[in-house]
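> This is the content of structure_19.tsv (TSV, C-alpha atoms):
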chain	number	residue	atom	x	y	z
A	1	MET	CA	128.56	95.93	112.00
A	2	GLY	CA	126.70	93.54	109.75
A	3	ASN	CA	127.13	89.83	110.07
A	4	LEU	CA	127.81	88.31	106.63
A	5	ASP	CA	127.16	84.79	107.89
A	6	GLY	CA	123.74	85.83	109.11
A	7	LEU	CA	122.93	87.49	105.79
A	8	ARG	CA	124.23	84.46	103.88
A	9	ALA	CA	121.94	82.18	105.92
A	10	HIS	CA	118.93	84.33	105.00
A	11	LEU	CA	119.91	84.40	101.34
A	12	LYS	CA	120.30	80.62	101.29
A	13	GLN	CA	116.90	80.18	102.92
A	14	TRP	CA	115.23	82.53	100.40
A	15	LYS	CA	116.95	80.73	97.54
A	16	ALA	CA	115.71	77.38	98.85
A	17	ASP	CA	112.19	78.78	99.26
A	18	ALA	CA	112.25	80.20	95.73
A	19	GLU	CA	113.47	76.93	94.28
A	20	ALA	CA	110.89	74.97	96.23
A	21	SER	CA	108.05	77.12	94.94
A	22	ALA	CA	109.39	77.60	91.43
A	23	THR	CA	107.36	75.93	88.77
A	24	ASP	CA	109.03	74.51	85.72
A	25	ASN	CA	108.72	76.05	82.30
A	26	ALA	CA	106.11	73.59	81.12
A	27	THR	CA	103.82	74.51	84.01
A	28	LEU	CA	104.32	78.21	83.35
A	29	GLU	CA	103.50	77.73	79.68
A	30	HIS	CA	100.42	75.74	80.59
A	31	GLU	CA	99.23	78.46	83.00
A	32	ARG	CA	99.85	81.11	80.38
A	33	ALA	CA	97.97	79.17	77.70
A	34	GLU	CA	95.00	78.72	80.05
A	35	TRP	CA	95.09	82.42	80.85
A	36	ILE	CA	95.09	83.41	77.18
A	37	ALA	CA	92.22	81.00	76.44
A	38	ASP	CA	90.25	82.44	79.38
A	39	LEU	CA	90.89	85.94	78.06
A	40	ALA	CA	89.56	84.99	74.63
A	41	SER	CA	86.37	83.59	76.10
A	42	LEU	CA	86.05	86.61	78.41
A	43	MET	CA	86.27	89.01	75.45
A	44	ASP	CA	83.65	86.94	73.59
A	45	ARG	CA	81.40	87.07	76.62
A	46	LEU	CA	81.74	90.82	77.10
A	47	HIS	CA	81.21	91.41	73.39
A	48	ALA	CA	78.08	89.23	73.39
A	49	TRP	CA	76.55	91.36	76.15
A	50	LEU	CA	76.98	94.46	73.97
A	51	ARG	CA	75.60	93.03	70.69
A	52	GLU	CA	72.29	94.83	70.96
A	53	PRO	CA	73.59	98.41	71.33
A	54	GLU	CA	76.22	97.51	68.72
A	55	ARG	CA	73.49	96.46	66.24
A	56	GLU	CA	71.62	99.69	66.99
A	57	GLY	CA	74.76	101.64	66.13
A	58	LEU	CA	75.12	102.99	69.68
A	59	LEU	CA	78.43	101.28	70.34
A	60	LYS	CA	81.32	100.16	68.17
A	61	ILE	CA	83.39	97.26	69.41
A	62	HIS	CA	86.95	96.97	68.15
A	63	ARG	CA	88.52	93.60	68.89
A	64	GLU	CA	92.29	93.82	68.76
A	65	GLY	CA	95.42	92.29	70.14
A	66	THR	CA	98.06	93.63	72.46
A	67	THR	CA	101.09	92.29	74.28
A	68	VAL	CA	101.73	91.77	77.96
A	69	THR	CA	105.16	91.40	79.54
A	70	GLU	CA	105.57	89.80	82.96
A	71	SER	CA	108.80	88.78	84.64
A	72	LYS	CA	107.35	85.39	85.51
A	73	TYR	CA	105.56	84.58	82.23
A	74	GLY	CA	107.54	86.54	79.64
A	75	THR	CA	106.05	88.50	76.75
A	76	TYR	CA	102.94	87.15	75.06
A	77	ASP	CA	100.02	88.24	72.89
A	78	VAL	CA	96.56	88.69	74.37
A	79	PRO	CA	93.17	89.76	73.06
A	80	ALA	CA	91.89	93.23	73.96
A	81	MET	CA	88.89	95.36	73.07
A	82	ILE	CA	87.89	98.99	72.68
A	83	ILE	CA	84.27	99.86	73.37
A	84	GLN	CA	83.60	103.09	71.49
A	85	ALA	CA	80.52	105.10	72.44
A	86	PRO	CA	79.32	108.09	70.37
A	87	GLY	CA	81.56	111.11	70.75
A	88	PRO	CA	84.84	110.93	72.60
A	89	HIS	CA	83.70	108.31	75.09
A	90	SER	CA	85.39	104.92	75.06
A	91	VAL	CA	86.46	102.12	77.34
A	92	HIS	CA	89.67	100.18	76.76
A	93	VAL	CA	89.52	96.59	77.93
A	94	HIS	CA	93.04	95.24	78.23
A	95	PRO	CA	94.68	92.39	80.15
A	96	VAL	CA	97.31	93.50	82.68
A	97	GLY	CA	98.79	90.19	83.75
A	98	LEU	CA	98.48	86.78	85.25
A	99	ASP	CA	100.96	87.28	88.09
A	100	VAL	CA	99.01	89.64	90.36
A	101	ILE	CA	98.43	89.81	94.10
A	102	GLY	CA	95.51	87.82	95.52
A	103	SER	CA	94.06	86.93	92.14
A	104	ALA	CA	94.71	84.66	89.17
A	105	GLY	CA	94.84	87.43	86.59
A	106	ARG	CA	93.63	90.96	85.95
A	107	VAL	CA	91.98	92.80	83.09
A	108	ASP	CA	91.57	96.57	83.30
A	109	LEU	CA	88.71	98.65	81.97
A	110	ASP	CA	89.99	102.19	81.47
A	111	SER	CA	88.13	105.30	80.46
A	112	GLY	CA	90.30	108.35	80.98
A	113	PRO	CA	91.04	108.58	84.68
A	114	ARG	CA	88.29	106.12	85.59
A	115	LYS	CA	89.18	102.49	86.05
A	116	ALA	CA	87.51	99.23	86.85
A	117	ARG	CA	89.11	95.81	87.12
A	118	LEU	CA	88.11	92.31	86.22
A	119	LEU	CA	89.81	89.85	88.56
A	120	ARG	CA	90.12	86.20	87.64
A	121	GLN	CA	89.63	83.86	90.57
A	122	GLN	CA	91.47	80.59	91.13
A	123	SER	CA	88.24	78.84	90.11
A	124	GLY	CA	88.33	80.59	86.73
A	125	ALA	CA	85.33	82.78	87.59
A	126	TRP	CA	85.64	86.54	87.18
A	127	LYS	CA	84.82	89.36	89.56
A	128	VAL	CA	84.24	93.03	88.79
A	129	ALA	CA	86.15	95.39	91.10
A	130	LEU	CA	85.24	99.05	91.39
A	131	PRO	CA	86.65	101.64	93.80
A	132	SER	CA	84.47	101.55	96.88
A	133	ARG	CA	82.25	104.52	97.61
A	134	VAL	CA	82.83	103.89	101.32
A	135	SER	CA	86.62	104.00	101.37
A	136	ARG	CA	89.38	104.45	98.83
A	137	ALA	CA	91.31	101.72	100.66
A	138	ILE	CA	88.97	98.97	99.52
A	139	LEU	CA	87.35	97.67	96.34
A	140	ASP	CA	83.72	96.74	95.82
A	141	LEU	CA	83.66	93.24	94.36
A	142	ASP	CA	80.85	91.57	92.43
A	143	ASP	CA	80.62	88.39	90.40
A	144	LEU	CA	80.91	89.21	86.71
A	145	SER	CA	77.54	89.08	85.00
A	146	GLU	CA	75.86	91.05	82.27
A	147	GLU	CA	74.31	93.27	84.93
A	148	THR	CA	77.53	93.99	86.84
A	149	PHE	CA	79.48	94.51	83.61
A	150	VAL	CA	76.94	97.01	82.29
A	151	SER	CA	76.95	98.72	85.67
A	152	ALA	CA	80.76	99.02	85.48
A	153	LEU	CA	80.49	100.44	81.95
A	154	GLU	CA	77.99	103.01	83.20
A	155	HIS	CA	80.39	103.96	85.98
A	156	LEU	CA	83.16	104.45	83.44
A	157	LEU	CA	81.25	106.06	80.57
A	158	LEU	CA	78.73	108.25	82.35
A	159	SER	CA	81.39	109.75	84.57
A	160	THR	CA	83.32	110.85	81.47
A	161	ARG	CA	80.42	112.94	80.18
A	162	SER	CA	81.13	116.64	80.11
A	163	PRO	CA	79.80	118.31	83.25
A	164	PHE	CA	78.25	120.93	80.95
A	165	ALA	CA	76.39	118.39	78.79
A	166	GLU	CA	72.60	118.60	78.90
B	167	MET	CA	99.84	130.82	119.51
B	168	ARG	CA	101.34	129.03	122.47
B	169	PHE	CA	102.02	125.31	122.37
B	170	ALA	CA	100.49	122.89	124.82
B	171	ALA	CA	102.88	120.80	126.87
B	172	GLU	CA	100.91	117.70	125.73
B	173	TRP	CA	102.24	118.12	122.18
B	174	PRO	CA	103.57	114.68	121.03
B	175	GLY	CA	107.23	114.51	121.92
B	176	PRO	CA	109.95	113.50	119.46
B	177	GLY	CA	110.03	110.05	121.07
B	178	ASP	CA	106.31	109.60	120.37
B	179	VAL	CA	106.83	110.60	116.74
B	180	LEU	CA	109.74	108.19	116.34
B	181	ALA	CA	107.73	105.37	117.93
B	182	TYR	CA	104.92	106.10	115.44
B	183	CYS	CA	107.48	105.94	112.62
B	184	ASP	CA	108.89	102.60	113.81
B	185	ARG	CA	105.45	101.06	114.15
B	186	SER	CA	104.34	102.32	110.76
B	187	ILE	CA	107.43	100.82	109.12
B	188	GLU	CA	106.70	97.55	110.91
B	189	ALA	CA	103.12	97.69	109.60
B	190	LEU	CA	104.38	98.25	106.04
B	191	GLU	CA	106.78	95.32	106.37
B	192	CYS	CA	103.90	93.22	107.67
B	193	LEU	CA	101.78	94.24	104.68
B	194	GLN	CA	104.62	93.29	102.35
B	195	SER	CA	104.97	89.85	103.91
B	196	VAL	CA	101.24	88.97	103.97
B	197	ALA	CA	100.39	90.40	100.54
B	198	PRO	CA	100.88	87.21	98.50
B	199	THR	CA	98.25	85.25	100.42
B	200	GLY	CA	96.84	87.11	103.37
B	201	LEU	CA	95.00	90.19	102.08
B	202	SER	CA	91.30	90.80	102.43
B	203	PRO	CA	89.49	90.11	99.11
B	204	SER	CA	88.38	93.73	98.95
B	205	SER	CA	91.82	95.19	99.66
B	206	SER	CA	92.86	97.85	97.18
B	207	PHE	CA	96.16	95.96	96.75
B	208	ILE	CA	94.36	92.95	95.26
B	209	GLY	CA	95.12	92.64	91.57
B	210	MET	CA	98.31	94.69	91.68
B	211	THR	CA	101.25	93.37	89.72
B	212	PRO	CA	104.47	92.86	91.72
B	213	THR	CA	105.86	96.06	90.18
B	214	GLU	CA	102.75	98.07	91.08
B	215	PHE	CA	102.80	96.69	94.62
B	216	GLU	CA	106.44	97.60	95.14
B	217	ALA	CA	105.76	101.10	93.81
B	218	ALA	CA	102.76	101.44	96.15
B	219	LEU	CA	104.90	100.40	99.13
B	220	ARG	CA	107.61	102.87	98.09
B	221	ASP	CA	105.02	105.66	97.83
B	222	LEU	CA	103.67	104.79	101.29
B	223	ARG	CA	107.18	104.82	102.74
B	224	ASP	CA	107.99	108.17	101.10
B	225	GLU	CA	104.76	109.63	102.43
B	226	LEU	CA	105.53	108.28	105.90
B	227	ASP	CA	109.02	109.81	105.81
B	228	GLN	CA	107.58	113.19	104.89
B	229	GLN	CA	104.86	113.01	107.55
B	230	VAL	CA	107.34	111.97	110.23
B	231	SER	CA	109.82	114.68	109.22
B	232	MET	CA	107.10	117.31	109.53
B	233	ALA	CA	105.82	115.92	112.83
B	234	LEU	CA	109.33	115.63	114.27
B	235	LEU	CA	110.17	119.22	113.46
B	236	ALA	CA	106.81	120.40	114.80
B	237	SER	CA	107.50	118.47	117.98
B	238	CYS	CA	110.98	120.00	118.36
B	239	GLU	CA	109.54	123.45	117.67
B	240	ALA	CA	106.92	122.88	120.36
B	241	LEU	CA	109.62	121.94	122.88
B	242	LEU	CA	111.60	125.07	122.06
B	243	ARG	CA	108.56	127.33	122.26
B	244	VAL	CA	107.26	125.85	125.50
B	245	ASP	CA	110.72	126.32	126.96
B	246	PHE	CA	110.82	129.88	125.55
B	247	TRP	CA	107.64	130.93	127.36
B	248	GLU	CA	108.59	129.15	130.55
B	249	ARG	CA	111.73	131.27	130.62
B	250	VAL	CA	109.91	134.48	129.71
B	251	ASP	CA	107.31	133.78	132.40
B	252	ARG	CA	110.13	133.00	134.85
B	253	ILE	CA	108.91	129.42	135.46
B	254	LYS	CA	112.47	128.48	134.58
B	255	LYS	CA	114.85	130.87	136.22
B	256	GLU	CA	118.28	129.57	135.25
B	257	LEU	CA	120.34	130.96	132.34
B	258	ARG	CA	119.62	134.62	133.02
B	259	LEU	CA	121.18	135.91	129.80
B	260	VAL	CA	119.06	133.59	127.72
B	261	ARG	CA	115.95	134.63	129.60
B	262	LEU	CA	116.71	138.32	129.12
B	263	ARG	CA	117.21	137.85	125.41
B	264	PHE	CA	113.95	135.85	125.22
B	265	LYS	CA	112.16	138.64	127.07
B	266	GLU	CA	113.38	141.11	124.46
B	267	LEU	CA	112.08	138.83	121.69
B	268	ALA	CA	108.72	138.46	123.45
B	269	ASP	CA	108.46	142.25	123.77
B	270	GLN	CA	109.38	142.67	120.10
B	271	TYR	CA	107.15	139.98	118.55
B	272	ALA	CA	104.53	139.27	121.25
B	273	GLU	CA	103.11	135.78	120.52
B	274	ARG	CA	104.72	135.39	117.09
B	275	VAL	CA	108.42	135.07	117.87
B	276	PRO	CA	110.21	133.51	114.87
B	277	LEU	CA	111.66	130.12	115.66
B	278	GLU	CA	114.86	131.15	113.92
B	279	ASP	CA	115.32	133.96	116.46
B	280	ILE	CA	114.88	131.55	119.38
B	281	LEU	CA	117.43	129.24	117.80
B	282	GLU	CA	119.83	132.12	117.32
B	283	VAL	CA	119.73	132.89	121.04
B	284	TRP	CA	120.49	129.27	121.85
B	285	ARG	CA	123.23	129.10	119.23
B	286	ALA	CA	124.92	132.15	120.75
B	287	HIS	CA	124.64	130.61	124.21
B	288	VAL	CA	125.53	126.97	123.46
B	289	GLY	CA	127.97	127.33	120.58
B	290	ARG	CA	128.24	124.18	118.42
B	291	PRO	CA	127.15	126.03	115.28
B	292	GLU	CA	127.28	122.84	113.18
B	293	ARG	CA	124.34	121.36	115.08
B	294	PHE	CA	122.30	124.52	114.68
B	295	ALA	CA	123.21	124.64	110.99
B	296	ALA	CA	121.87	121.10	110.62
B	297	PHE	CA	118.64	122.04	112.38
B	298	GLN	CA	118.27	125.10	110.14
B	299	GLU	CA	118.66	122.77	107.16
B	300	TYR	CA	115.80	120.61	108.46
B	301	LEU	CA	113.70	123.72	108.89
B	302	ARG	CA	114.34	124.67	105.28
B	303	VAL	CA	113.19	121.21	104.22
B	304	ARG	CA	110.03	121.70	106.27
B	305	HIS	CA	109.38	125.09	104.70
B	306	TRP	CA	109.75	123.38	101.36
B	307	LEU	CA	107.57	120.38	102.25
B	308	ALA	CA	104.72	122.20	103.91
B	309	PRO	CA	103.32	124.16	100.95
B	310	ARG	CA	104.70	122.03	98.12
B	311	ARG	CA	104.15	118.41	99.11
B	312	GLY	CA	104.18	116.20	96.09
B	313	ARG	CA	105.85	118.61	93.71
B	314	PRO	CA	108.85	117.12	91.92
B	315	THR	CA	111.23	119.93	92.84
B	316	SER	CA	114.16	120.18	95.20
B	317	PRO	CA	114.59	122.48	98.16
B	318	ARG	CA	116.52	125.53	97.05
B	319	ARG	CA	119.90	125.84	98.66
B	320	ARG	CA	120.96	129.19	99.98
Rewrite the coordinates I just gave you, this time as structure tokens.

Amino acid sequence: MGNLDGLRAHLKQWKADAEASATDNATLEHERAEWIADLASLMDRLHAWLREPEREGLLKIHREGTTVTESKYGTYDVPAMIIQAPGPHSVHVHPVGLDVIGSAGRVDLDSGPRKARLLRQQSGAWKVALPSRVSRAILDLDDLSEETFVSALEHLLLSTRSPFAE
Amino acid sequence: MRFAAEWPGPGDVLAYCDRSIEALECLQSVAPTGLSPSSSFIGMTPTEFEAALRDLRDELDQQVSMALLASCEALLRVDFWERVDRIKKELRLVRLRFKELADQYAERVPLEDILEVWRAHVGRPERFAAFQEYLRVRHWLAPRRGRPTSPRRR
């Protein structure tokens, strides 16, 4: 039979832990504001790397907004982007959240069933995460740069080409 | 097919289950700070992580259920052939009935028929009914794993 006193002791401990680690609203708002500002500069950076194919009419970039809801940070507006290639090929770049495991924020790059992630580090730097070719249990991580971003786009866009295309 | 006596016993399967649950609990507790940077859990939201843990637990339950039934089936079949081959000589009526089944089906005696012999000998039909229910779940799981349907009740 369960021991209610034992359970109560655990619950009290968890409550104390939660209260000790809880940040006040002002801190949460500050973290959220920093996150949104980082997202804006990230979108600018990604867009800048695609200016040339955009000018050549090979890509269309749609900057837009979306909303994110997180239990810790509430509902807020964030910038997002659609990278439209000729034909039905596109990549949606959209923030997922700030409260994620082992990282200080995540932005997803989706193209149909293919996905890549941009993971914000505590330092504010970004990493590109792709499913590893070695094992599905791990991610291949690279610092975000023009080269690694374009490589991730290739992974997403080229794999969506019809297998019957010439 | 005859089963080897080295087939993992039900106790081995249950130990595997306990250790796997412990490993999942360990993963849950270290996730906030202790994961490898390349872990596939990195970047998951709390909701996604909980769903991933639930999926792993469901998968474990299904695997263990299958392995447990396979282990019990192996015990019953090893015992069946030991009686047919007269390695075990007690329970003459059971052995005679098993011999008839072996003559009828050769190496492919249905498990249900073996169980029926034991049910007639032991009694306690409620326990055999429960085992039959587990077998039905296995028949449902084996070819249909992952489909969102329910086992059909007879």
> Based on all atoms listed in the file, which of the residues in chain A come within 8 Å of chain B? I want them as number ranges by chain.
A: 97, 99-103, 105-106, 119, 136-141
> To one decimal place, how far is atom CA of B:Ala218 from atom CA of A:Lys115 in Å?
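About the pair atom CA of B:Ala218 and atom CA of A:Lys115: they are 17.0 Å apart.
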> Would you please work out which residue, of B:Ala308, B:Leu281, B:Arg263, B:Ser186, is nearest to B:Ala296 when using all atoms listed in the file?
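Going through B:Ala308, B:Leu281, B:Arg263, B:Ser186 one by one, the smallest distance to B:Ala296 is for B:Leu281.
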> Env of stretch 232-234 of chain B: 7 Å cut, atoms = all atoms listed in the file, seq-sep filter 3 positions within chain, self excluded. Answer as a PyMOL selection string.
chain B and resi 176+179+228-229+237-238+304
> Take atom CA of A:Leu130 and atom CA of A:His155 and report the distance between them in Å, one decimal.
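Separation between atom CA of A:Leu130 and atom CA of A:His155: 8.8 Å.
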> Could you work out how far atom CA of A:Leu50 lies from atom CA of A:Glu147, giving the answer in Å with one decimal?
11.3 Å
> Any chance you could work out the axis-aligned box around stretch 108-123 of chain A, listed atoms only, 6 Å on each side, giving centre and edge lengths in Å to one decimal, as lines of an AutoDock Vina configuration file?

center_x = 89.5
center_y = 93.7
center_z = 85.8
size_x = 16.1
size_y = 41.7
size_z = 22.7
> Taking into account all atoms listed in the file, which residue in the set A:Ala26, A:Leu158, A:Val128, A:Val107 is nearest to A:Val68?
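Nearest to A:Val68: A:Val107.
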> Do you know which residues lie at most 9 Å from (111.6, 137.3, 127.0), with coordinates as in the file and only C-alpha atoms counted, and could you write them as a short mmCIF file (atom, residue, chain, number, x, y, z; two decimals) with C-alpha atoms, keeping the file's coordinate frame?

data_model
loop_
_atom_site.label_atom_id
_atom_site.label_comp_id
_atom_site.auth_asym_id
_atom_site.auth_seq_id
_atom_site.Cartn_x
_atom_site.Cartn_y
_atom_site.Cartn_z
CA PHE B 246 110.82 129.88 125.55
CA TRP B 247 107.64 130.93 127.36
CA ARG B 249 111.73 131.27 130.62
CA VAL B 250 109.91 134.48 129.71
CA ASP B 251 107.31 133.78 132.40
CA VAL B 260 119.06 133.59 127.72
CA ARG B 261 115.95 134.63 129.60
CA LEU B 262 116.71 138.32 129.12
CA ARG B 263 117.21 137.85 125.41
CA PHE B 264 113.95 135.85 125.22
CA LYS B 265 112.16 138.64 127.07
CA GLU B 266 113.38 141.11 124.46
CA LEU B 267 112.08 138.83 121.69
CA ALA B 268 108.72 138.46 123.45
CA ASP B 269 108.46 142.25 123.77
#
> Set the distance at 9 Å and use only C-alpha atoms: which residues neighbour B:Cys183 once local chain neighbours fewer than 3 positions away are removed? I'd like the list as a count of residues only.
9
> List the neighbours of A:Gly124 out to 9 Å using all atoms listed in the file; skip same-chain residues closer than 2 positions along the sequence, and give me the result as a ChimeraX atom specification.
/A:38,104,120-122,126
